[in-house]
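Engineer: Pasting a structure here, questions to come.
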Amino acid sequence: MDKQNVTQKVDQKVQSIKLPGIKLPGTKQAADRSADKDILPFEKKKELVLGKLDILGRATYAHIQLKNSDEPTEKREAQLTYDPSGWHNYKLPYEKGKSAWVMNRGHLVGYQFSGLNDEPKNLITETAWVNQGNYDSMNDSNDKAMLYYENRLDHWLARNPNEYLDYKVTPIYQGSELVARQIKLDYVGLDSQGKLIQIKLGSPFEKTVNSVTEVVLENTAPNLLIDYQTGEVKAK
């Protein structure tokens, strides 16, 4: 059987198979935005739910509800050893005379909220650009990157210590591709009685559905050509 037929059969299997507790965010599922507007039950305590790895070993979603006092106090360990689906890394040029490692093992729900570091169900292959906002350093002013939203949600919690944040992150894959093409963020606040509080962070990419704010980020970078099927990357 040739490679094309194998890929088509895997694609069909990914789209059709249903496993308990596993959401497969393929193309058809990703188009149905309304289905993902669920909020964790409000129980006045920290809750963290991680989707199971799917049949291709891909992380599926991470969902947390917490208040400021629930954030981890331990310093994050720098080393990550787990390789998420499609993991490859390359040092490639981004400006004349400059180069950087272009991919990150990216957390779905950031460590500052979850306290999870080397957890397979919370890690995907992301470009450094979409994860940290820059090629080789942190830049939380880039509203096309996760760091922009993570830091502002963290600040929202700090400014509202008696309220809760409900935050879900979902990678969006196409068919059997091992690397997500997009990353969807859903966030909303809750008061002490569980009433929804809309959160707006000032991004032009924010959309609101039933008080929940949604942002979809592209898992790419200006200097890269990415093969999402395999995770291999080339410089433009």
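Quick note on naming: the chains in the structure tokens go A, B, ... in the order shown, residues restart at 1 in each chain, and ligands are numbered from 1 in order of appearance.
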Give me, as a PDB file with N, CA and C atoms, in the first residue's frame, the residues of chain A that a backbone DSSP run labels alpha helix (DSSP H).
Structural biologist:
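Listed below is the output, result38.pdb:
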ATOM      1  N   LYS A   3       2.070   5.313   0.360  1.00  0.00           N
ATOM      2  CA  LYS A   3       2.018   6.239   1.499  1.00  0.00           C
ATOM      3  C   LYS A   3       0.738   7.051   1.499  1.00  0.00           C
ATOM      4  N   GLN A   4       0.276   7.477   0.309  1.00  0.00           N
ATOM      5  CA  GLN A   4      -0.935   8.286   0.228  1.00  0.00           C
ATOM      6  C   GLN A   4      -2.148   7.524   0.740  1.00  0.00           C
ATOM      7  N   ASN A   5      -2.271   6.244   0.365  1.00  0.00           N
ATOM      8  CA  ASN A   5      -3.401   5.456   0.823  1.00  0.00           C
ATOM      9  C   ASN A   5      -3.359   5.221   2.317  1.00  0.00           C
ATOM     10  N   VAL A   6      -2.160   5.003   2.860  1.00  0.00           N
ATOM     11  CA  VAL A   6      -2.014   4.822   4.306  1.00  0.00           C
ATOM     12  C   VAL A   6      -2.478   6.073   5.033  1.00  0.00           C
ATOM     13  N   THR A   7      -2.032   7.241   4.549  1.00  0.00           N
ATOM     14  CA  THR A   7      -2.414   8.504   5.186  1.00  0.00           C
ATOM     15  C   THR A   7      -3.915   8.706   5.137  1.00  0.00           C
ATOM     16  N   GLN A   8      -4.542   8.388   3.989  1.00  0.00           N
ATOM     17  CA  GLN A   8      -5.982   8.548   3.864  1.00  0.00           C
ATOM     18  C   GLN A   8      -6.721   7.654   4.837  1.00  0.00           C
ATOM     19  N   LYS A   9      -6.239   6.419   5.022  1.00  0.00           N
ATOM     20  CA  LYS A   9      -6.896   5.505   5.952  1.00  0.00           C
ATOM     21  C   LYS A   9      -6.763   5.989   7.394  1.00  0.00           C
ATOM     22  N   VAL A  10      -5.588   6.526   7.751  1.00  0.00           N
ATOM     23  CA  VAL A  10      -5.403   7.075   9.092  1.00  0.00           C
ATOM     24  C   VAL A  10      -6.313   8.267   9.302  1.00  0.00           C
ATOM     25  N   ASP A  11      -6.400   9.153   8.296  1.00  0.00           N
ATOM     26  CA  ASP A  11      -7.291  10.309   8.375  1.00  0.00           C
ATOM     27  C   ASP A  11      -8.724   9.876   8.637  1.00  0.00           C
ATOM     28  N   GLN A  12      -9.185   8.847   7.884  1.00  0.00           N
ATOM     29  CA  GLN A  12     -10.545   8.369   8.057  1.00  0.00           C
ATOM     30  C   GLN A  12     -10.756   7.796   9.452  1.00  0.00           C
ATOM     31  N   LYS A  13      -9.746   7.104   9.947  1.00  0.00           N
ATOM     32  CA  LYS A  13      -9.852   6.504  11.271  1.00  0.00           C
ATOM     33  C   LYS A  13      -9.914   7.577  12.350  1.00  0.00           C
ATOM     34  N   VAL A  14      -9.077   8.619  12.205  1.00  0.00           N
ATOM     35  CA  VAL A  14      -9.068   9.712  13.174  1.00  0.00           C
ATOM     36  C   VAL A  14     -10.414  10.414  13.207  1.00  0.00           C
ATOM     37  N   GLN A  15     -11.029  10.630  12.027  1.00  0.00           N
ATOM     38  CA  GLN A  15     -12.296  11.353  11.965  1.00  0.00           C
ATOM     39  C   GLN A  15     -13.456  10.526  12.495  1.00  0.00           C
ATOM     40  N   SER A  16     -13.395   9.179  12.368  1.00  0.00           N
ATOM     41  CA  SER A  16     -14.571   8.372  12.651  1.00  0.00           C
ATOM     42  C   SER A  16     -14.541   7.684  14.004  1.00  0.00           C
ATOM     43  N   THR A  27     -10.444  18.484  11.633  1.00  0.00           N
ATOM     44  CA  THR A  27     -10.994  19.604  10.882  1.00  0.00           C
ATOM     45  C   THR A  27     -12.494  19.766  11.106  1.00  0.00           C
ATOM     46  N   LYS A  28     -13.271  18.680  11.023  1.00  0.00           N
ATOM     47  CA  LYS A  28     -14.715  18.768  11.183  1.00  0.00           C
ATOM     48  C   LYS A  28     -15.070  19.252  12.572  1.00  0.00           C
ATOM     49  N   GLN A  29     -14.411  18.704  13.590  1.00  0.00           N
ATOM     50  CA  GLN A  29     -14.707  19.092  14.963  1.00  0.00           C
ATOM     51  C   GLN A  29     -14.319  20.538  15.226  1.00  0.00           C
ATOM     52  N   ALA A  30     -13.197  20.949  14.656  1.00  0.00           N
ATOM     53  CA  ALA A  30     -12.726  22.303  14.903  1.00  0.00           C
ATOM     54  C   ALA A  30     -13.697  23.340  14.363  1.00  0.00           C
ATOM     55  N   ALA A  31     -14.428  22.986  13.320  1.00  0.00           N
ATOM     56  CA  ALA A  31     -15.364  23.943  12.726  1.00  0.00           C
ATOM     57  C   ALA A  31     -16.562  24.205  13.627  1.00  0.00           C
ATOM     58  N   TYR A 111       2.437  26.722  32.970  1.00  0.00           N
ATOM     59  CA  TYR A 111       2.873  26.291  34.301  1.00  0.00           C
ATOM     60  C   TYR A 111       2.389  27.246  35.383  1.00  0.00           C
ATOM     61  N   GLN A 112       2.332  28.549  35.096  1.00  0.00           N
ATOM     62  CA  GLN A 112       1.953  29.526  36.119  1.00  0.00           C
ATOM     63  C   GLN A 112       0.542  29.287  36.645  1.00  0.00           C
ATOM     64  N   PHE A 113      -0.277  28.536  35.885  1.00  0.00           N
ATOM     65  CA  PHE A 113      -1.617  28.175  36.332  1.00  0.00           C
ATOM     66  C   PHE A 113      -1.683  26.740  36.842  1.00  0.00           C
ATOM     67  N   SER A 114      -1.110  25.815  36.070  1.00  0.00           N
ATOM     68  CA  SER A 114      -1.314  24.383  36.341  1.00  0.00           C
ATOM     69  C   SER A 114      -0.311  23.791  37.314  1.00  0.00           C
ATOM     70  N   ALA A 128       8.446  28.595  18.612  1.00  0.00           N
ATOM     71  CA  ALA A 128       8.848  29.550  19.651  1.00  0.00           C
ATOM     72  C   ALA A 128       8.078  30.852  19.490  1.00  0.00           C
ATOM     73  N   TRP A 129       7.787  31.207  18.248  1.00  0.00           N
ATOM     74  CA  TRP A 129       7.077  32.456  17.963  1.00  0.00           C
ATOM     75  C   TRP A 129       5.689  32.473  18.609  1.00  0.00           C
ATOM     76  N   VAL A 130       4.925  31.388  18.450  1.00  0.00           N
ATOM     77  CA  VAL A 130       3.573  31.373  19.005  1.00  0.00           C
ATOM     78  C   VAL A 130       3.583  31.077  20.503  1.00  0.00           C
ATOM     79  N   ASN A 131       4.615  30.444  20.997  1.00  0.00           N
ATOM     80  CA  ASN A 131       4.679  30.123  22.418  1.00  0.00           C
ATOM     81  C   ASN A 131       5.154  31.314  23.240  1.00  0.00           C
ATOM     82  N   GLN A 132       6.298  31.881  22.873  1.00  0.00           N
ATOM     83  CA  GLN A 132       6.914  32.918  23.699  1.00  0.00           C
ATOM     84  C   GLN A 132       6.868  34.303  23.075  1.00  0.00           C
ATOM     85  N   MET A 146       0.936  32.965  22.666  1.00  0.00           N
ATOM     86  CA  MET A 146       0.265  32.549  23.891  1.00  0.00           C
ATOM     87  C   MET A 146       0.690  33.382  25.092  1.00  0.00           C
ATOM     88  N   LEU A 147       1.948  33.802  25.127  1.00  0.00           N
ATOM     89  CA  LEU A 147       2.449  34.532  26.286  1.00  0.00           C
ATOM     90  C   LEU A 147       1.658  35.816  26.530  1.00  0.00           C
ATOM     91  N   TYR A 148       1.221  36.463  25.475  1.00  0.00           N
ATOM     92  CA  TYR A 148       0.411  37.673  25.591  1.00  0.00           C
ATOM     93  C   TYR A 148      -0.821  37.401  26.463  1.00  0.00           C
ATOM     94  N   TYR A 149      -1.521  36.306  26.192  1.00  0.00           N
ATOM     95  CA  TYR A 149      -2.762  35.979  26.884  1.00  0.00           C
ATOM     96  C   TYR A 149      -2.488  35.404  28.274  1.00  0.00           C
ATOM     97  N   GLU A 150      -1.473  34.561  28.382  1.00  0.00           N
ATOM     98  CA  GLU A 150      -1.146  33.964  29.671  1.00  0.00           C
ATOM     99  C   GLU A 150      -0.795  35.035  30.702  1.00  0.00           C
ATOM    100  N   ASN A 151       0.066  35.959  30.344  1.00  0.00           N
ATOM    101  CA  ASN A 151       0.466  36.990  31.301  1.00  0.00           C
ATOM    102  C   ASN A 151      -0.692  37.904  31.670  1.00  0.00           C
ATOM    103  N   ARG A 152      -1.540  38.234  30.717  1.00  0.00           N
ATOM    104  CA  ARG A 152      -2.678  39.104  31.015  1.00  0.00           C
ATOM    105  C   ARG A 152      -3.749  38.395  31.834  1.00  0.00           C
ATOM    106  N   LEU A 153      -3.952  37.102  31.606  1.00  0.00           N
ATOM    107  CA  LEU A 153      -4.865  36.346  32.456  1.00  0.00           C
ATOM    108  C   LEU A 153      -4.304  36.198  33.867  1.00  0.00           C
ATOM    109  N   ASP A 154      -3.009  36.019  33.974  1.00  0.00           N
ATOM    110  CA  ASP A 154      -2.351  35.961  35.279  1.00  0.00           C
ATOM    111  C   ASP A 154      -2.539  37.284  36.023  1.00  0.00           C
ATOM    112  N   HIS A 155      -2.381  38.397  35.319  1.00  0.00           N
ATOM    113  CA  HIS A 155      -2.587  39.712  35.929  1.00  0.00           C
ATOM    114  C   HIS A 155      -4.050  39.907  36.328  1.00  0.00           C
ATOM    115  N   TRP A 156      -4.981  39.403  35.514  1.00  0.00           N
ATOM    116  CA  TRP A 156      -6.404  39.502  35.857  1.00  0.00           C
ATOM    117  C   TRP A 156      -6.687  38.788  37.172  1.00  0.00           C
ATOM    118  N   LEU A 157      -6.119  37.600  37.345  1.00  0.00           N
ATOM    119  CA  LEU A 157      -6.294  36.879  38.601  1.00  0.00           C
ATOM    120  C   LEU A 157      -5.707  37.657  39.777  1.00  0.00           C
ATOM    121  N   ALA A 158      -4.545  38.234  39.585  1.00  0.00           N
ATOM    122  CA  ALA A 158      -3.901  38.995  40.665  1.00  0.00           C
ATOM    123  C   ALA A 158      -4.740  40.219  41.054  1.00  0.00           C
ATOM    124  N   ARG A 159      -5.386  40.845  40.067  1.00  0.00           N
ATOM    125  CA  ARG A 159      -6.212  42.029  40.341  1.00  0.00           C
ATOM    126  C   ARG A 159      -7.577  41.661  40.919  1.00  0.00           C
TER     127      ARG A 159
END
Engineer: Neighbours of range 225-232 of chain A within 6 Å (only C-alpha atoms; same-chain residues fewer than 2 positions away dropped), as a list in words?
Structural biologist: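 Within the cut-off, the hits are Gly86, Trp87, Glu177, Leu178, Val179, Lys234, Ala235 and Lys236 of chain A.
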Engineer: Would you please work out which residue, of A:Lys67, A:Lys96, A:Lys200, A:Lys144, is nearest to Lys184 in chain A when using only C-alpha atoms?
Structural biologist: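 Closest residue, counting only C-alpha atoms: A:Lys144.
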Engineer: Could you please write out, as a PyMOL selection string, every residue of range 68-125 of chain A that DSSP assigns to strand (DSSP E)?
Structural biologist: chain A and resi 91-95+98-101+103-107+123-125
Engineer: Using the selection just defined, write its residues with C-alpha atoms as a JSON list (two decimals), in the first residue's frame.
Structural biologist:
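Output below, filename result.json:
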[["chain", "number", "residue", "atom", "x", "y", "z"],
["A", 91, "LYS", "CA", 18.34, 26.12, 14.65],
["A", 92, "LEU", "CA", 17.40, 28.37, 11.75],
["A", 93, "PRO", "CA", 18.04, 32.00, 10.73],
["A", 94, "TYR", "CA", 15.51, 34.72, 11.49],
["A", 95, "GLU", "CA", 17.50, 37.89, 10.82],
["A", 98, "LYS", "CA", 21.08, 35.62, 13.76],
["A", 99, "SER", "CA", 19.63, 32.17, 14.31],
["A", 100, "ALA", "CA", 17.60, 30.44, 17.02],
["A", 101, "TRP", "CA", 15.96, 27.14, 17.93],
["A", 103, "MET", "CA", 10.33, 24.98, 18.12],
["A", 104, "ASN", "CA", 9.23, 24.65, 21.76],
["A", 105, "ARG", "CA", 7.66, 21.90, 23.80],
["A", 106, "GLY", "CA", 4.68, 24.12, 24.52],
["A", 107, "HIS", "CA", 2.33, 23.82, 27.49],
["A", 123, "LEU", "CA", 2.40, 19.44, 25.85],
["A", 124, "ILE", "CA", 2.35, 20.04, 22.10],
["A", 125, "THR", "CA", 4.92, 21.00, 19.48]]
Engineer: Give me the residues within 7 Å of range 211-223 of chain A as a JSON list (two decimals) with N, CA and C atoms, in the first residue's frame, counting only C-alpha atoms and dropping any in the same chain fewer than 3 places off.
Structural biologist:
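Output saved as around.json:
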[["chain", "number", "residue", "atom", "x", "y", "z"],
["A", 94, "TYR", "N", 16.71, 33.88, 11.47],
["A", 94, "TYR", "CA", 15.51, 34.72, 11.49],
["A", 94, "TYR", "C", 15.83, 36.17, 11.13],
["A", 126, "GLU", "N", 5.10, 23.42, 19.44],
["A", 126, "GLU", "CA", 4.74, 24.78, 19.05],
["A", 126, "GLU", "C", 5.96, 25.50, 18.53],
["A", 127, "THR", "N", 5.73, 26.48, 17.67],
["A", 127, "THR", "CA", 6.84, 27.35, 17.32],
["A", 127, "THR", "C", 7.18, 28.23, 18.50],
["A", 129, "TRP", "N", 7.79, 31.21, 18.25],
["A", 129, "TRP", "CA", 7.08, 32.46, 17.96],
["A", 129, "TRP", "C", 5.69, 32.47, 18.61],
["A", 130, "VAL", "N", 4.93, 31.39, 18.45],
["A", 130, "VAL", "CA", 3.57, 31.37, 19.01],
["A", 130, "VAL", "C", 3.58, 31.08, 20.50],
["A", 144, "LYS", "N", -0.19, 37.66, 18.83],
["A", 144, "LYS", "CA", -0.33, 36.42, 18.07],
["A", 144, "LYS", "C", 0.31, 35.24, 18.79],
["A", 145, "ALA", "N", 0.73, 35.47, 20.05],
["A", 145, "ALA", "CA", 1.44, 34.45, 20.81],
["A", 145, "ALA", "C", 0.74, 34.17, 22.14],
["A", 180, "ALA", "N", -0.21, 20.62, 15.56],
["A", 180, "ALA", "CA", -1.41, 21.44, 15.47],
["A", 180, "ALA", "C", -1.14, 22.66, 14.58],
["A", 181, "ARG", "N", -2.11, 22.97, 13.74],
["A", 181, "ARG", "CA", -1.99, 24.18, 12.92],
["A", 181, "ARG", "C", -2.44, 25.42, 13.69],
["A", 182, "GLN", "N", -3.34, 25.22, 14.63],
["A", 182, "GLN", "CA", -3.85, 26.33, 15.42],
["A", 182, "GLN", "C", -3.99, 25.92, 16.88],
["A", 183, "ILE", "N", -4.10, 26.91, 17.75],
["A", 183, "ILE", "CA", -4.32, 26.69, 19.18],
["A", 183, "ILE", "C", -5.45, 27.61, 19.61],
["A", 184, "LYS", "N", -6.49, 27.03, 20.16],
["A", 184, "LYS", "CA", -7.66, 27.80, 20.56],
["A", 184, "LYS", "C", -7.68, 28.01, 22.07],
["A", 185, "LEU", "N", -7.84, 29.25, 22.49],
["A", 185, "LEU", "CA", -7.93, 29.62, 23.89],
["A", 185, "LEU", "C", -9.37, 30.06, 24.18],
["A", 186, "ASP", "N", -9.94, 29.55, 25.26],
["A", 186, "ASP", "CA", -11.26, 29.98, 25.73],
["A", 186, "ASP", "C", -11.12, 30.39, 27.19],
["A", 187, "TYR", "N", -11.59, 31.59, 27.54],
["A", 187, "TYR", "CA", -11.46, 32.03, 28.93],
["A", 187, "TYR", "C", -12.63, 32.90, 29.35],
["A", 188, "VAL", "N", -12.96, 32.76, 30.65],
["A", 188, "VAL", "CA", -14.04, 33.55, 31.25],
["A", 188, "VAL", "C", -13.79, 33.60, 32.76],
["A", 196, "LEU", "N", -20.85, 34.26, 35.58],
["A", 196, "LEU", "CA", -19.83, 34.51, 34.57],
["A", 196, "LEU", "C", -19.45, 35.99, 34.49],
["A", 198, "GLN", "N", -17.24, 38.37, 31.90],
["A", 198, "GLN", "CA", -16.52, 38.43, 30.63],
["A", 198, "GLN", "C", -15.14, 39.05, 30.83],
["A", 199, "ILE", "N", -14.13, 38.46, 30.19],
["A", 199, "ILE", "CA", -12.76, 38.98, 30.26],
["A", 199, "ILE", "C", -12.33, 39.40, 28.85],
["A", 205, "PHE", "N", -7.99, 39.80, 18.17],
["A", 205, "PHE", "CA", -8.37, 38.44, 17.77],
["A", 205, "PHE", "C", -9.43, 37.84, 18.69],
["A", 206, "GLU", "N", -9.85, 38.56, 19.71],
["A", 206, "GLU", "CA", -10.83, 38.04, 20.65],
["A", 206, "GLU", "C", -12.24, 38.04, 20.06],
["A", 207, "LYS", "N", -12.95, 36.93, 20.27],
["A", 207, "LYS", "CA", -14.36, 36.82, 19.93],
["A", 207, "LYS", "C", -15.09, 36.31, 21.17],
["A", 208, "THR", "N", -16.36, 36.68, 21.30],
["A", 208, "THR", "CA", -17.12, 36.28, 22.48],
["A", 208, "THR", "C", -18.32, 35.44, 22.09],
["A", 235, "ALA", "N", 13.63, 26.82, 6.73],
["A", 235, "ALA", "CA", 13.61, 28.28, 6.70],
["A", 235, "ALA", "C", 13.00, 28.76, 5.40],
["A", 236, "LYS", "N", 12.26, 29.86, 5.47],
["A", 236, "LYS", "CA", 11.71, 30.46, 4.25],
["A", 236, "LYS", "C", 12.82, 31.07, 3.42]]
Engineer: For Lys168 in chain A, work out the shell of residues within 8 Å, counting only C-alpha atoms and skipping chain neighbours fewer than 2 positions away, then give it as a list in words.
Structural biologist: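 Near Lys168 in chain A, the qualifying residues are Tyr61, Ala62, His63, Ile64, Val109, Asp166, Thr170, Leu185, Asp186 and Tyr187 of chain A.
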Engineer: Could you state the separation of CA of Asp143 in chain A and CA of Ser203 in chain A in Å, given to one decimal place?
Structural biologist: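 The value is 6.2 Å.
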Engineer: Out of A:Gly57, A:Gly175, A:Gly115, A:Pro41, which residue has the shortest atom-to-atom distance to Glu77 in chain A when counting only C-alpha atoms?
Structural biologist: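 The answer is A:Gly115, which sits nearest to Glu77 in chain A.
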